[in-house]
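Engineer: Pasting a structure below so you can have a look.
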Amino acid sequence: MTRPAIESKQTAVPTELLIAVLVFIIVVLVTVLVIRSRAGKARKQEQSQQPTTPRDPFAADQNTGGDPETIKAGDLLEFGNEKFFVRGTLRISEGGYDWAEHFFQADASATRMWLSVERDPDVQIARWRDRPDLDIEPKARTITIDGTDYDLVEHGTASYRSEGTTGLNEKGGIDYVDYESGDGRLLAFERFDHGRWEVSTGETIPTGSFTIYSGS
């Protein structure tokens, strides 16, 4: 006996139903986006209304003026109303310990100044001025200059790499002797590549007390 074939029937979905489903999906998506946008604005308003905690602008973690450890030749340094371009930099190394000296002038005829930047363990910065008027050598434990007594702090020999305009070789050696007074003033002797001793006086300055404009 032959069984009759079973016919397959398919029911067509009405076009109106498809359009209704699509409209529903679009409405849901728009609603979700609007809710997220409003929530984000509410969080921003809440954050802006929260009182800020007073902070020391010269604290070690408040480098609002730029990162002194990234200073290089060509950068502009602003100390209050004074502005100087960094003409050259020395990268100095001694036994795995590194620091930098950045040379700058108001103009080519002005007395050369420089900024020393080192981490020990926090970032320490000192501003120096060359003293070509002082023809002395670091032979004593205490040296008196302009009525101030400076006591020997440390001395050593290191290697340097020169960047930009420094008046030195691309690479070489440096002997240094550092002194400090009782009130924190600094005195430095440096001798490059076995040349003559160069004398500078300086003082430490806080991180964030000047602004760095990158030359790049």
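By order of appearance in the structure tokens: chains A, B, ..., then residues from 1 within every chain, and ligands from 1 in the order shown.
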For stretch 189-212 of chain A versus stretch 74-95 of chain A, which residues have an atom no more than 6 Å away, and what is each residue's nearest atom pair and distance in Å rounded to one decimal, using only C-alpha atoms, chain-then-number order, as a Markdown table?

Structural biologist:
| residue | atom | partner | partner_atom | distance |
| --- | --- | --- | --- | --- |
| A:Phe210 | CA | A:Phe79 | CA | 4.9 |
| A:Thr211 | CA | A:Glu78 | CA | 5.1 |
| A:Ile212 | CA | A:Leu77 | CA | 4.9 |

Engineer: Mind checking which residues fall within 10 Å of A:Ser116, counting only C-alpha atoms, ignoring those fewer than 3 positions away in the same chain, and posting them as a PDB file with N, CA, C and O atoms, in the first residue's frame?

Structural biologist:
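The result, written out as out-v6.pdb:
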ATOM      1  N   PRO A  68      62.203  66.745  34.926  1.00  0.00           N
ATOM      2  CA  PRO A  68      63.599  67.209  34.804  1.00  0.00           C
ATOM      3  C   PRO A  68      64.550  66.123  34.342  1.00  0.00           C
ATOM      4  O   PRO A  68      65.640  66.438  33.857  1.00  0.00           O
ATOM      5  N   GLU A  69      64.159  64.849  34.476  1.00  0.00           N
ATOM      6  CA  GLU A  69      65.044  63.774  34.045  1.00  0.00           C
ATOM      7  C   GLU A  69      65.030  63.576  32.528  1.00  0.00           C
ATOM      8  O   GLU A  69      65.790  62.759  32.012  1.00  0.00           O
ATOM      9  N   THR A  89      74.349  69.162  26.986  1.00  0.00           N
ATOM     10  CA  THR A  89      74.125  68.289  28.137  1.00  0.00           C
ATOM     11  C   THR A  89      75.266  67.297  28.273  1.00  0.00           C
ATOM     12  O   THR A  89      75.768  66.785  27.265  1.00  0.00           O
ATOM     13  N   LEU A  90      75.658  67.033  29.508  1.00  0.00           N
ATOM     14  CA  LEU A  90      76.611  65.968  29.805  1.00  0.00           C
ATOM     15  C   LEU A  90      75.881  64.855  30.541  1.00  0.00           C
ATOM     16  O   LEU A  90      75.179  65.099  31.531  1.00  0.00           O
ATOM     17  N   TRP A  99      74.052  60.706  36.385  1.00  0.00           N
ATOM     18  CA  TRP A  99      73.411  61.999  36.561  1.00  0.00           C
ATOM     19  C   TRP A  99      73.678  62.845  35.321  1.00  0.00           C
ATOM     20  O   TRP A  99      74.417  62.445  34.423  1.00  0.00           O
ATOM     21  N   ALA A 100      73.059  64.007  35.266  1.00  0.00           N
ATOM     22  CA  ALA A 100      73.162  64.861  34.078  1.00  0.00           C
ATOM     23  C   ALA A 100      73.475  66.293  34.478  1.00  0.00           C
ATOM     24  O   ALA A 100      73.076  66.759  35.558  1.00  0.00           O
ATOM     25  N   GLU A 101      74.188  66.984  33.589  1.00  0.00           N
ATOM     26  CA  GLU A 101      74.453  68.409  33.751  1.00  0.00           C
ATOM     27  C   GLU A 101      74.031  69.100  32.458  1.00  0.00           C
ATOM     28  O   GLU A 101      74.489  68.745  31.374  1.00  0.00           O
ATOM     29  N   HIS A 102      73.141  70.089  32.586  1.00  0.00           N
ATOM     30  CA  HIS A 102      72.590  70.789  31.426  1.00  0.00           C
ATOM     31  C   HIS A 102      73.080  72.238  31.434  1.00  0.00           C
ATOM     32  O   HIS A 102      72.843  72.972  32.399  1.00  0.00           O
ATOM     33  N   PHE A 103      73.745  72.664  30.351  1.00  0.00           N
ATOM     34  CA  PHE A 103      74.340  73.994  30.279  1.00  0.00           C
ATOM     35  C   PHE A 103      73.417  74.951  29.542  1.00  0.00           C
ATOM     36  O   PHE A 103      72.875  74.619  28.487  1.00  0.00           O
ATOM     37  N   GLN A 124      67.043  65.095  42.687  1.00  0.00           N
ATOM     38  CA  GLN A 124      67.687  66.253  43.302  1.00  0.00           C
ATOM     39  C   GLN A 124      68.201  67.169  42.200  1.00  0.00           C
ATOM     40  O   GLN A 124      68.879  66.724  41.272  1.00  0.00           O
ATOM     41  N   ILE A 125      67.885  68.456  42.324  1.00  0.00           N
ATOM     42  CA  ILE A 125      68.232  69.430  41.288  1.00  0.00           C
ATOM     43  C   ILE A 125      68.994  70.583  41.929  1.00  0.00           C
ATOM     44  O   ILE A 125      68.636  71.059  43.006  1.00  0.00           O
ATOM     45  N   ALA A 126      70.049  71.030  41.252  1.00  0.00           N
ATOM     46  CA  ALA A 126      70.804  72.198  41.708  1.00  0.00           C
ATOM     47  C   ALA A 126      71.073  73.102  40.513  1.00  0.00           C
ATOM     48  O   ALA A 126      71.305  72.635  39.397  1.00  0.00           O
ATOM     49  N   ARG A 127      71.000  74.392  40.761  1.00  0.00           N
ATOM     50  CA  ARG A 127      71.303  75.399  39.739  1.00  0.00           C
ATOM     51  C   ARG A 127      72.655  76.009  40.060  1.00  0.00           C
ATOM     52  O   ARG A 127      72.890  76.461  41.176  1.00  0.00           O
ATOM     53  N   TRP A 128      73.530  76.052  39.032  1.00  0.00           N
ATOM     54  CA  TRP A 128      74.913  76.473  39.225  1.00  0.00           C
ATOM     55  C   TRP A 128      75.269  77.655  38.326  1.00  0.00           C
ATOM     56  O   TRP A 128      74.656  77.849  37.280  1.00  0.00           O
ATOM     57  N   GLY A 202      76.580  77.116  43.592  1.00  0.00           N
ATOM     58  CA  GLY A 202      75.189  76.829  43.292  1.00  0.00           C
ATOM     59  C   GLY A 202      74.342  76.641  44.527  1.00  0.00           C
ATOM     60  O   GLY A 202      74.795  76.813  45.661  1.00  0.00           O
ATOM     61  N   THR A 204      70.576  74.182  45.756  1.00  0.00           N
ATOM     62  CA  THR A 204      69.537  73.234  45.378  1.00  0.00           C
ATOM     63  C   THR A 204      68.225  73.986  45.159  1.00  0.00           C
ATOM     64  O   THR A 204      67.952  74.999  45.818  1.00  0.00           O
TER      65      THR A 204
END

Engineer: Go ahead and compute the interatomic distance for atom CA of A:Glu190 and atom CA of A:Gly208, in Å to one decimal.

Structural biologist: 26.9 Å

Engineer: For A:Glu118, which residue among A:Val177, A:Ala188, A:Ile71, A:Ile35 is the nearest when counting only C-alpha atoms?

Structural biologist: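 That would be A:Ile71, the residue with the smallest distance to A:Glu118.
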
Engineer: In Å, rounded to a single decimal, give me how far atom CA of A:Asp175 is from atom CA of A:Thr142.

Structural biologist: 18.3 Å

Engineer: Would you mind telling me which residue in A:Leu134, A:Leu168, A:Leu187, A:Gly96 lies nearest to A:Leu152 when using only C-alpha atoms?

Structural biologist: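 Looking at the shortest contact to A:Leu152, the residue is A:Leu187.
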
Engineer: Name the closest residue to A:Leu115 among the candidates A:Leu17, A:Ile145, A:Val27, A:Ala73; distances are taken between atoms, counting only C-alpha atoms.

Structural biologist: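 Distance minimum relative to A:Leu115 lands on A:Ala73.
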
Engineer: With distances taken over only C-alpha atoms, which residue among A:Ile136, A:Ile143, A:Leu22, A:Ile174 lies nearest A:Ala158?

Structural biologist: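 That would be A:Ile174, the residue with the smallest distance to A:Ala158.
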
Engineer: Stretch 55-164 of chain A: which residues are strand (DSSP E or B) by DSSP, as a PyMOL selection string?

Structural biologist: chain A and resi 76-79+82-94+97-105+113-119+123-130+142-145+148-164

Engineer: Between atom CA of A:Ser200 and atom CA of A:Ser181, measure the distance and give it in Å to one decimal.

Structural biologist: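 Going from atom CA of A:Ser200 over to atom CA of A:Ser181, I get 13.6 Å.
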
Engineer: Which residue gives the smallest distance to A:Val123 among A:Pro138, A:Gly173, A:Pro206, A:Gly147, with only C-alpha atoms counted?

Structural biologist: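 Looking only at the distances to A:Val123, the closest residue turns out to be A:Pro206.
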